Structure formats: structure tokens, C-alpha cells
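Enquirer: Below you'll find the structure I mean.
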Amino acid sequence: MRIRVIMPPRGRDYRLDLLRGFANWAIYLDHIPGNAVNWLTQRNYGFSDAADLFVFISGYTASFVYARIILERGFVIGGTRLIKRAWQIYVAHIILLVMYIAEIGYLARRYNNPDLENEFNVAGFMANPAETLYQGLILAFKPVNMDVLPLYILLMVAFPPALWTMLRLPNLTLTASFLLYLVARHFDWNLAAYPTGSWYFNPFCWQFLFIFGGWFALGGSIEARPLIRSRALLWLGSAYLLFALVMTMAGRFPEIAHMMPAWLYDAFNPNDKTNLAPYRLIHFIVLFFFIARFLPRDWQGLEWRVFRPLIKSGQQSLEVFCVGVFLAVGAHVVLVEVSGAIWMQIVVSVVGITLMTAVAYYRSWSKNADKAKTPI
């Protein structure tokens with residue numbers, strides 16, 4: 001069976017780095033409750049948020065990177081490289097999990113606030129550390145705000161056969177992924193979480209956004225170009241984004257909610273993030289199609305200095321994401337125990353993003369230093 005995809009041009013697409021950097025910064029800000037600065041993130045203005053962007057770009061990047069390896073070196077090499085990357089993410093997740101629990105335990109005792117352990121879902125670890133750690137190793141136990149990496153790990157582990165199929169039957173692979181999404185939503189399929197409940201990001205549903213990102217990278221952007229460039233999408237998509245803005249604001253402000261019928265409000269609030277509600281999926285697709293339309297690969301603005309920290313944060317995404325999750329807990333405790341004033345909200349936001357960016361620049365420098373030849 002012949003290959004039926006169109007590989008993107010060689011070379012780095014800085015749009016992906018820019019968007020992934022934005023997603024990392026936004027996730028950090030969104031993880032700090034009571035932080036007015038997170039009004040700068042997209043979750044306040046529509047159904048989708050930075051998590052959707054993160055998963056989509058992860059699928060996009062995994063596809064064109066490992067598809068090229070498969071085409072040039074074979075499926076076994078490409079598939080094992082995918083598993084190797086999943087293992088790297090898993091190791092990062094476990095290290096972060098241990099540091100995260102230790103951080104929360106220390107802060108709870110430092111400020112004599114045991115409610116922190118319940119708030120971040122680590123009280124079970126304090127009561128039964130051995131069982132809870134085991135459940136963490138198999139990705140069943142996930143403290144609050146640590147749900148994205150387990151989803152990413154699982155999607156990467158399951159991706160090799162999906163990528164093999166996508167290289168030959170891309171549209172059929174996307175269709176099968178969408179059918180799984182529909183069936184999972186209909187029958188309420190999900191994985192069990194520890195100690196109770198299920199995964200916050202239902203992998204049977206969120207896999208579609210990951211696969212959609214891969215399909216878009218391997219020729220889907222060309223197939224969708226007539227739609228992306230169409231005047232119909234411009235008008236209908238703009239109307240839908242405006243509708244999503246109104247419904248999201250209604251969820252934030254009761255005054256707006258009281259102005260609309262209860263049946264309409266209840267259909268979109270609360271936002272079903274766990275099962276990737278169709279209205280949320282459509283919102284993201286429209287939003288990304290607009291980005292593809294108005295942000296070309298060769299846009300000169302990508303060279304502007306103001307975007308360099310975002311791009312660098314996107315290039316070192318895993319490290320930046322982990323640091324952001326860790327720092328968000330400290331920022332939250334500062335707002336609760338020290339001061340919740342608006343100036344402090346700005347301080348913890350700026351300091352956190354500065355530290356994340358510093359980590360990104362350090363990791364970039366470190367990788368370049370490791371690649372440099374050692375003089376004889």
C-alpha cells in the first residue's frame with residue numbers, strides 16, 4: 001500500500017513553537033485560582049482553552065517528526081523512537097509527581113493548612129503512600145493539575161500503529177478516530193482514576209484532537225485549505241466564536257446568564273472538558289483554522305524579539321510545562337497565605353513566567369553545548 005500523505009516542508013515551523021509556548025504560559029496562569037492575570041488566556045473567551053491547543057500541537061508535531069523517520073528509516077525505528085519519547089515524558093511525569101507531592105506536603109505544614117492536601121488531591125498519599133505511589137506509577141493517581149502528561153503519555157504509546165495507518169489511509173484513520181470519539185461519548189467510556197472517579201481528560205475522546213493534529217500535519221491542511229480560505233467559514237466561524245464568547249461569559253457572570261433561557265445556558269454550562277464536548281471541539285477547530293488562515297508559515301512577525309521568549313518556551317515545552325505545574329502551587333499558596341491583592345497576582349504571574357522562560361533558555365543552551373564537539 002503506497003504512502004498517501006504530504007509531508008510538511010523541512011525546517012522548523014516557528015508558529016508551532018509560538019503557539020505551544022503560549023499554551024504553556026496559559027496553563028500556568030490558569031492553574032492559579034483567584035488570579036486575575038489569567039483573564040489574558042483563551043479559556044475566558046470561548047469553549048476551548050490551552051489544553052486543547054497543547055494536545056493538538058503535540059499530535060501535529062509527533063506526526064511530522066516521526067512520520068519522516070518512518071519513511072526514511074522504517075516503521076520499527078520510527079515506532080521505537082515514539083515509545084522512547086513516551087518514556088521520556090513518563091520519567092518527567094514521575095519526577096514531577098514526587099516533587100509536586102513533596103511541595104504540597106511541605107507547604108501544608110509550613111502554613112499549618114492541611115486543606116491544601118485535599119485541595120490538590122494528595123491527602124490519600126499522606127495516608128497510604130505505598131499504594132498511592134503505585135497508582136501514580138500506573139497513571140491512575142493524578143493530583144490536581146497533573147492530568148495532561150498522563151494523557152500525552154498514553155496517546156504517544158498508542159500512536160505508532162495509528163501513524164502507520166495514517167501514512168497509508170489518512171482520511172480513514174481520522175474517520176476511525178472520530179467514530180471512537182463518538183462511541184466513547186455515547187457509552188461513557190473512560191479509564192478509572194485512583195482513588196475514585198475517572199480520568200479528567202478522557203483519552204478515548206481526547207485522542208481525536210491528537211489524531212486530528214497529526215492528520216492536519218500530513219496533508220490535512222492542504223485538503224482543508226478550500227474550507228480554511230472560504231468566505232463561509234469566515235462569517236459562520238466568526239459568528240460561532242462570538243456565540244462561544246457570550247456563553248462563556250454567561251458562565252462567568254450570572255447577570256448575563258439570567259438574560260438567556262435556562263435550556264440554552266444549561267446546554268453549554270458547565271463546559272464538558274472531560275469528554276471534549278462537540279461544541280468545544282468545533283470551537284477549537286474554527287479557532288485553529290483562523291490561525292492557519294491569518295498566520296502563514298513565513299510571517300515576518302515570527303522574527304520579532306517580543307515573541308522570542310514564547311517561541312523558546314515552546315521549543316523546550318516539556319521542561320517548561322513541568323516547571324509551570326510546580327510553580328503554580330507555590331503561586332497559589334502565596335495568594336492564599338501571604339496576599340491576594342491584585343499586585344501580588346501580577347507579581348506571581350510575572351515571576352512564574354520569567355522562571356519558566358529562564359528554564360527554556362537554559363535548556364536550549366545546555367542542549368547546544370552538549371551537541372558541540374569536544375576539542376582534541
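Order determines the names: the first chain of the C-alpha cells is A, the second B, and so forth; residues in each chain are numbered 1 upward, and ligands are numbered 1 upward as they are shown.
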Taking the chain letters and numbering used in this document, name the residues of range 140-235 of chain A that DSSP puts in strand (DSSP E or B), as a list in words.

Expert: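 Taking range 140-235 of chain A and keeping strand (DSSP E or B) gives Phe141, Ala192, Tyr194 and Ser198 of chain A.
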
Enquirer: Counting only C-alpha atoms, what is within 8 Å of range 245-259 of chain A, bar same-chain residues fewer than 6 positions away, as a PyMOL selection string?

Expert: chain A and resi 44-47+265+268-270

Enquirer: Would you save the residues from that selection as a PDB file, in the first residue's frame, using N, CA and C atoms?

Expert:
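Ended up saving to part_31.pdb:
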```pdb
ATOM      1  N   ASN A  44     -11.245  32.085  28.886  1.00  0.00           N
ATOM      2  CA  ASN A  44     -12.276  33.022  29.321  1.00  0.00           C
ATOM      3  C   ASN A  44     -13.101  33.576  28.170  1.00  0.00           C
ATOM      4  N   TYR A  45     -12.746  33.227  26.933  1.00  0.00           N
ATOM      5  CA  TYR A  45     -13.390  33.854  25.784  1.00  0.00           C
ATOM      6  C   TYR A  45     -13.954  32.841  24.785  1.00  0.00           C
ATOM      7  N   GLY A  46     -14.032  31.593  25.194  1.00  0.00           N
ATOM      8  CA  GLY A  46     -14.590  30.585  24.305  1.00  0.00           C
ATOM      9  C   GLY A  46     -14.620  29.235  24.985  1.00  0.00           C
ATOM     10  N   PHE A  47     -15.076  28.217  24.291  1.00  0.00           N
ATOM     11  CA  PHE A  47     -15.251  26.898  24.878  1.00  0.00           C
ATOM     12  C   PHE A  47     -13.933  26.153  25.068  1.00  0.00           C
ATOM     13  N   TYR A 265     -28.546  28.084  28.384  1.00  0.00           N
ATOM     14  CA  TYR A 265     -27.417  28.199  29.302  1.00  0.00           C
ATOM     15  C   TYR A 265     -26.943  26.817  29.752  1.00  0.00           C
ATOM     16  N   PHE A 268     -24.520  24.524  27.608  1.00  0.00           N
ATOM     17  CA  PHE A 268     -23.091  24.830  27.448  1.00  0.00           C
ATOM     18  C   PHE A 268     -22.376  25.092  28.771  1.00  0.00           C
ATOM     19  N   ASN A 269     -23.105  25.050  29.858  1.00  0.00           N
ATOM     20  CA  ASN A 269     -22.508  25.298  31.171  1.00  0.00           C
ATOM     21  C   ASN A 269     -22.986  24.245  32.170  1.00  0.00           C
ATOM     22  N   PRO A 270     -22.080  23.569  32.886  1.00  0.00           N
ATOM     23  CA  PRO A 270     -20.619  23.743  32.796  1.00  0.00           C
ATOM     24  C   PRO A 270     -20.046  23.143  31.519  1.00  0.00           C
TER      25      PRO A 270
END
```

Enquirer: Would you mind listing what lies within 6 Å of range 114-129 of chain A as a PyMOL selection string, with only C-alpha atoms counted and same-chain residues fewer than 2 positions away left out?

Expert: chain A and resi 108+131-133+143-144

Enquirer: Keeping C-alpha atoms, export the residues of the selection given above as a PDB file, in the first residue's frame.

Expert:
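Saved file again08.pdb follows:
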```pdb
ATOM      1  CA  ALA A 108       0.637  22.457  54.070  1.00  0.00           C
ATOM      2  CA  GLU A 131      -0.447   2.237  47.343  1.00  0.00           C
ATOM      3  CA  THR A 132      -0.868   5.803  46.139  1.00  0.00           C
ATOM      4  CA  LEU A 133       2.639   5.888  44.668  1.00  0.00           C
ATOM      5  CA  PRO A 143      -3.060  15.196  41.747  1.00  0.00           C
ATOM      6  CA  VAL A 144      -4.928  18.292  40.651  1.00  0.00           C
TER       7      VAL A 144
END
```

Enquirer: Write out as a list in words each polymer residue whose atoms come within 10 Å of Leu53 in chain A, counting only C-alpha atoms; drop sequence neighbours fewer than 2 positions from it.

Expert: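 Counting only C-alpha atoms, the residues come to Leu16, Leu19, Arg20, Phe22, Ala23, Asn24, Ser48, Asp49, Ala50, Ala51, Val55, Phe56, Ile57, Ser58, Leu209, Phe210, Gly213, Phe284, Ile285, Leu287 and Phe288 of chain A.
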
Enquirer: Find the residues around Phe212 in chain A up to 9 Å (only C-alpha atoms counted), leave out those fewer than 3 positions away in its own chain, and share them as a list in words.

Expert: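 With the cut-off at 9 Å, the set is Phe56, Gly59, Tyr60, Leu174, Ser177, Phe178, Gln207, Phe208, Leu209, Trp215, Phe216, Ala217 and Gly220 of chain A.
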
Enquirer: For Trp25 in chain A, list every protein, DNA or RNA residue within 9 Å, evaluated using only C-alpha atoms, and leave out those in the same chain fewer than 2 positions away; present the list as an NGL selection string.

Expert: :A and (20-23 or 27-30 or 41 or 50 or 310 or 313 or 320-321 or 324 or 352-353 or 356)

Enquirer: Those same residues, written as a PDB file, in the first residue's frame with N, CA, C and O atoms?

Expert:
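Full text of result.pdb as output:
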```
ATOM      1  N   ARG A  20       2.712  26.723  21.117  1.00  0.00           N
ATOM      2  CA  ARG A  20       2.959  25.827  22.250  1.00  0.00           C
ATOM      3  C   ARG A  20       3.518  26.602  23.436  1.00  0.00           C
ATOM      4  O   ARG A  20       3.193  26.303  24.593  1.00  0.00           O
ATOM      5  N   GLY A  21       4.335  27.609  23.165  1.00  0.00           N
ATOM      6  CA  GLY A  21       4.814  28.457  24.244  1.00  0.00           C
ATOM      7  C   GLY A  21       3.668  29.205  24.904  1.00  0.00           C
ATOM      8  O   GLY A  21       3.601  29.298  26.140  1.00  0.00           O
ATOM      9  N   PHE A  22       2.758  29.727  24.082  1.00  0.00           N
ATOM     10  CA  PHE A  22       1.584  30.390  24.633  1.00  0.00           C
ATOM     11  C   PHE A  22       0.762  29.427  25.478  1.00  0.00           C
ATOM     12  O   PHE A  22       0.275  29.784  26.558  1.00  0.00           O
ATOM     13  N   ALA A  23       0.593  28.196  25.000  1.00  0.00           N
ATOM     14  CA  ALA A  23      -0.182  27.200  25.745  1.00  0.00           C
ATOM     15  C   ALA A  23       0.460  26.928  27.104  1.00  0.00           C
ATOM     16  O   ALA A  23      -0.238  26.826  28.125  1.00  0.00           O
ATOM     17  N   ILE A  27      -1.429  27.706  30.549  1.00  0.00           N
ATOM     18  CA  ILE A  27      -1.728  26.633  31.506  1.00  0.00           C
ATOM     19  C   ILE A  27      -1.222  27.025  32.891  1.00  0.00           C
ATOM     20  O   ILE A  27      -1.901  26.788  33.904  1.00  0.00           O
ATOM     21  N   TYR A  28      -0.047  27.628  32.970  1.00  0.00           N
ATOM     22  CA  TYR A  28       0.467  28.089  34.260  1.00  0.00           C
ATOM     23  C   TYR A  28      -0.485  29.111  34.885  1.00  0.00           C
ATOM     24  O   TYR A  28      -0.867  28.989  36.063  1.00  0.00           O
ATOM     25  N   LEU A  29      -0.891  30.097  34.122  1.00  0.00           N
ATOM     26  CA  LEU A  29      -1.775  31.130  34.657  1.00  0.00           C
ATOM     27  C   LEU A  29      -3.131  30.554  35.050  1.00  0.00           C
ATOM     28  O   LEU A  29      -3.705  30.929  36.084  1.00  0.00           O
ATOM     29  N   ASP A  30      -3.641  29.631  34.248  1.00  0.00           N
ATOM     30  CA  ASP A  30      -4.950  29.036  34.530  1.00  0.00           C
ATOM     31  C   ASP A  30      -4.920  28.136  35.759  1.00  0.00           C
ATOM     32  O   ASP A  30      -5.960  27.879  36.372  1.00  0.00           O
ATOM     33  N   THR A  41      -5.841  34.626  29.143  1.00  0.00           N
ATOM     34  CA  THR A  41      -5.818  33.348  28.434  1.00  0.00           C
ATOM     35  C   THR A  41      -7.138  33.110  27.715  1.00  0.00           C
ATOM     36  O   THR A  41      -8.164  33.691  28.040  1.00  0.00           O
ATOM     37  N   ALA A  50      -6.164  26.306  26.577  1.00  0.00           N
ATOM     38  CA  ALA A  50      -4.782  25.984  26.226  1.00  0.00           C
ATOM     39  C   ALA A  50      -4.541  24.480  26.161  1.00  0.00           C
ATOM     40  O   ALA A  50      -3.656  24.025  25.424  1.00  0.00           O
ATOM     41  N   LEU A 310       8.350  33.405  24.008  1.00  0.00           N
ATOM     42  CA  LEU A 310       7.284  32.439  23.767  1.00  0.00           C
ATOM     43  C   LEU A 310       7.771  31.284  22.893  1.00  0.00           C
ATOM     44  O   LEU A 310       7.493  30.111  23.170  1.00  0.00           O
ATOM     45  N   SER A 313      10.045  29.029  24.815  1.00  0.00           N
ATOM     46  CA  SER A 313       9.267  28.221  25.758  1.00  0.00           C
ATOM     47  C   SER A 313       8.548  27.088  25.037  1.00  0.00           C
ATOM     48  O   SER A 313       8.350  25.999  25.605  1.00  0.00           O
ATOM     49  N   VAL A 320       9.395  23.255  30.363  1.00  0.00           N
ATOM     50  CA  VAL A 320       8.652  24.458  30.740  1.00  0.00           C
ATOM     51  C   VAL A 320       7.309  24.088  31.351  1.00  0.00           C
ATOM     52  O   VAL A 320       6.877  24.671  32.354  1.00  0.00           O
ATOM     53  N   PHE A 321       6.639  23.109  30.765  1.00  0.00           N
ATOM     54  CA  PHE A 321       5.350  22.683  31.306  1.00  0.00           C
ATOM     55  C   PHE A 321       5.509  22.162  32.732  1.00  0.00           C
ATOM     56  O   PHE A 321       4.742  22.534  33.627  1.00  0.00           O
ATOM     57  N   GLY A 324       6.139  24.907  35.156  1.00  0.00           N
ATOM     58  CA  GLY A 324       4.925  25.694  35.355  1.00  0.00           C
ATOM     59  C   GLY A 324       3.950  25.033  36.312  1.00  0.00           C
ATOM     60  O   GLY A 324       3.344  25.703  37.165  1.00  0.00           O
ATOM     61  N   GLY A 352       6.575  33.719  37.761  1.00  0.00           N
ATOM     62  CA  GLY A 352       6.449  32.355  37.276  1.00  0.00           C
ATOM     63  C   GLY A 352       6.807  32.225  35.809  1.00  0.00           C
ATOM     64  O   GLY A 352       7.579  31.335  35.412  1.00  0.00           O
ATOM     65  N   ILE A 353       6.280  33.108  34.984  1.00  0.00           N
ATOM     66  CA  ILE A 353       6.565  33.052  33.554  1.00  0.00           C
ATOM     67  C   ILE A 353       8.036  33.364  33.278  1.00  0.00           C
ATOM     68  O   ILE A 353       8.659  32.770  32.388  1.00  0.00           O
ATOM     69  N   MET A 356       9.938  30.185  34.086  1.00  0.00           N
ATOM     70  CA  MET A 356       9.699  29.198  33.030  1.00  0.00           C
ATOM     71  C   MET A 356      10.520  29.524  31.788  1.00  0.00           C
ATOM     72  O   MET A 356      11.120  28.638  31.157  1.00  0.00           O
TER      73      MET A 356
END
```

Enquirer: Residues within 12 Å of Arg363 in chain A, please, as an MDAnalysis selection string. Count only C-alpha atoms; anything in the same chain fewer than 2 positions from it doesn't count.

Expert: chainID A and resid 312:320 356:361 365:370

Enquirer: Compile a residue-level contact table for range 266-316 of chain A against range 226-231 of chain A at a cut-off of 10 Å, reporting for every qualifying residue the shortest atom pair and its distance in Å to one decimal, with only C-alpha atoms counted, rows ordered by chain and ascending number, as a tab-separated table.

Expert:
```
residue	atom	partner	partner_atom	distance
A:Val286	CA	A:Ile228	CA	8.8
A:Phe288	CA	A:Ile228	CA	9.5
A:Phe289	CA	A:Ile228	CA	5.7
A:Phe290	CA	A:Ile228	CA	7.1
A:Ile291	CA	A:Ile228	CA	9.5
A:Ala292	CA	A:Ile228	CA	7.5
A:Arg293	CA	A:Ile228	CA	6.2
A:Phe294	CA	A:Arg229	CA	9.6
```

Enquirer: Please report, as CSV, each residue of range 190-301 of chain A lying at most 12 Å from range 147-156 of chain A, together with the nearest pair of atoms and the separation in Å rounded to one decimal; use only C-alpha atoms, and order rows by chain and ascending residue number.

Expert:
```
residue,atom,partner,partner_atom,distance
A:Asn190,CA,A:Leu151,CA,11.8
A:Leu191,CA,A:Leu151,CA,10.7
A:Ala193,CA,A:Asp147,CA,10.6
A:Ser198,CA,A:Asp147,CA,11.0
A:Trp199,CA,A:Asp147,CA,7.7
A:Tyr200,CA,A:Asp147,CA,6.6
A:Phe201,CA,A:Asp147,CA,6.8
A:Asn202,CA,A:Leu151,CA,8.0
A:Pro203,CA,A:Leu151,CA,6.2
A:Phe204,CA,A:Leu155,CA,9.5
A:Cys205,CA,A:Leu151,CA,10.7
A:Trp206,CA,A:Leu151,CA,8.3
A:Gln207,CA,A:Leu155,CA,6.6
A:Phe208,CA,A:Leu155,CA,10.0
A:Leu209,CA,A:Leu155,CA,10.5
A:Phe210,CA,A:Leu155,CA,7.6
A:Ile211,CA,A:Leu155,CA,9.1
A:Gly214,CA,A:Met156,CA,11.7
A:Thr274,CA,A:Asp147,CA,10.5
```

Enquirer: Going by DSSP on the backbone, which residues of range 136-329 of chain A come out as helix (DSSP H, G or I)? List them as a VMD selection string.

Expert: chain A and resid 136 to 137 148 to 168 170 to 187 203 to 223 225 to 228 231 to 252 254 to 257 262 to 268 278 to 294 300 to 303 305 to 315 317 to 329

Enquirer: Nearest to Trp343 in chain A among A:Val37, A:Ile32, A:Ala140, A:Leu180, with distances taken over only C-alpha atoms: which residue is it?

Expert: A:Val37

Enquirer: Could you check how far CA of Met7 in chain A sits from CA of Phe64 in chain A, in Å to one decimal?

Expert: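 Distance reported for this atom pair: 6.8 Å.
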
Enquirer: For a quick check of understanding, using only C-alpha atoms, which of A:Asn171, A:Arg2, A:Val348, A:Ala102 has the smallest distance to Glu223 in chain A?

Expert: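 Nearest candidate to Glu223 in chain A out of A:Asn171, A:Arg2, A:Val348, A:Ala102: A:Asn171.
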
Enquirer: Quick one: distance from CA of Ala262 in chain A to CA of Leu234 in chain A in Å, one decimal?

Expert: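 Those two atoms sit 29.4 Å apart.
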
Enquirer: Write out as JSON lines the residues of range 274-329 of chain A that have any atom within 9 Å of an atom of range 184-189 of chain A, one row each with the nearest atom pair and its distance in Å to one decimal, counting only C-alpha atoms, sorted by chain and then rising number.

Expert:
```
{"residue": "A:Asn275", "atom": "CA", "partner": "A:Arg185", "partner_atom": "CA", "distance": 6.5}
{"residue": "A:Leu276", "atom": "CA", "partner": "A:Arg185", "partner_atom": "CA", "distance": 8.7}
{"residue": "A:Ala277", "atom": "CA", "partner": "A:Arg185", "partner_atom": "CA", "distance": 8.6}
```
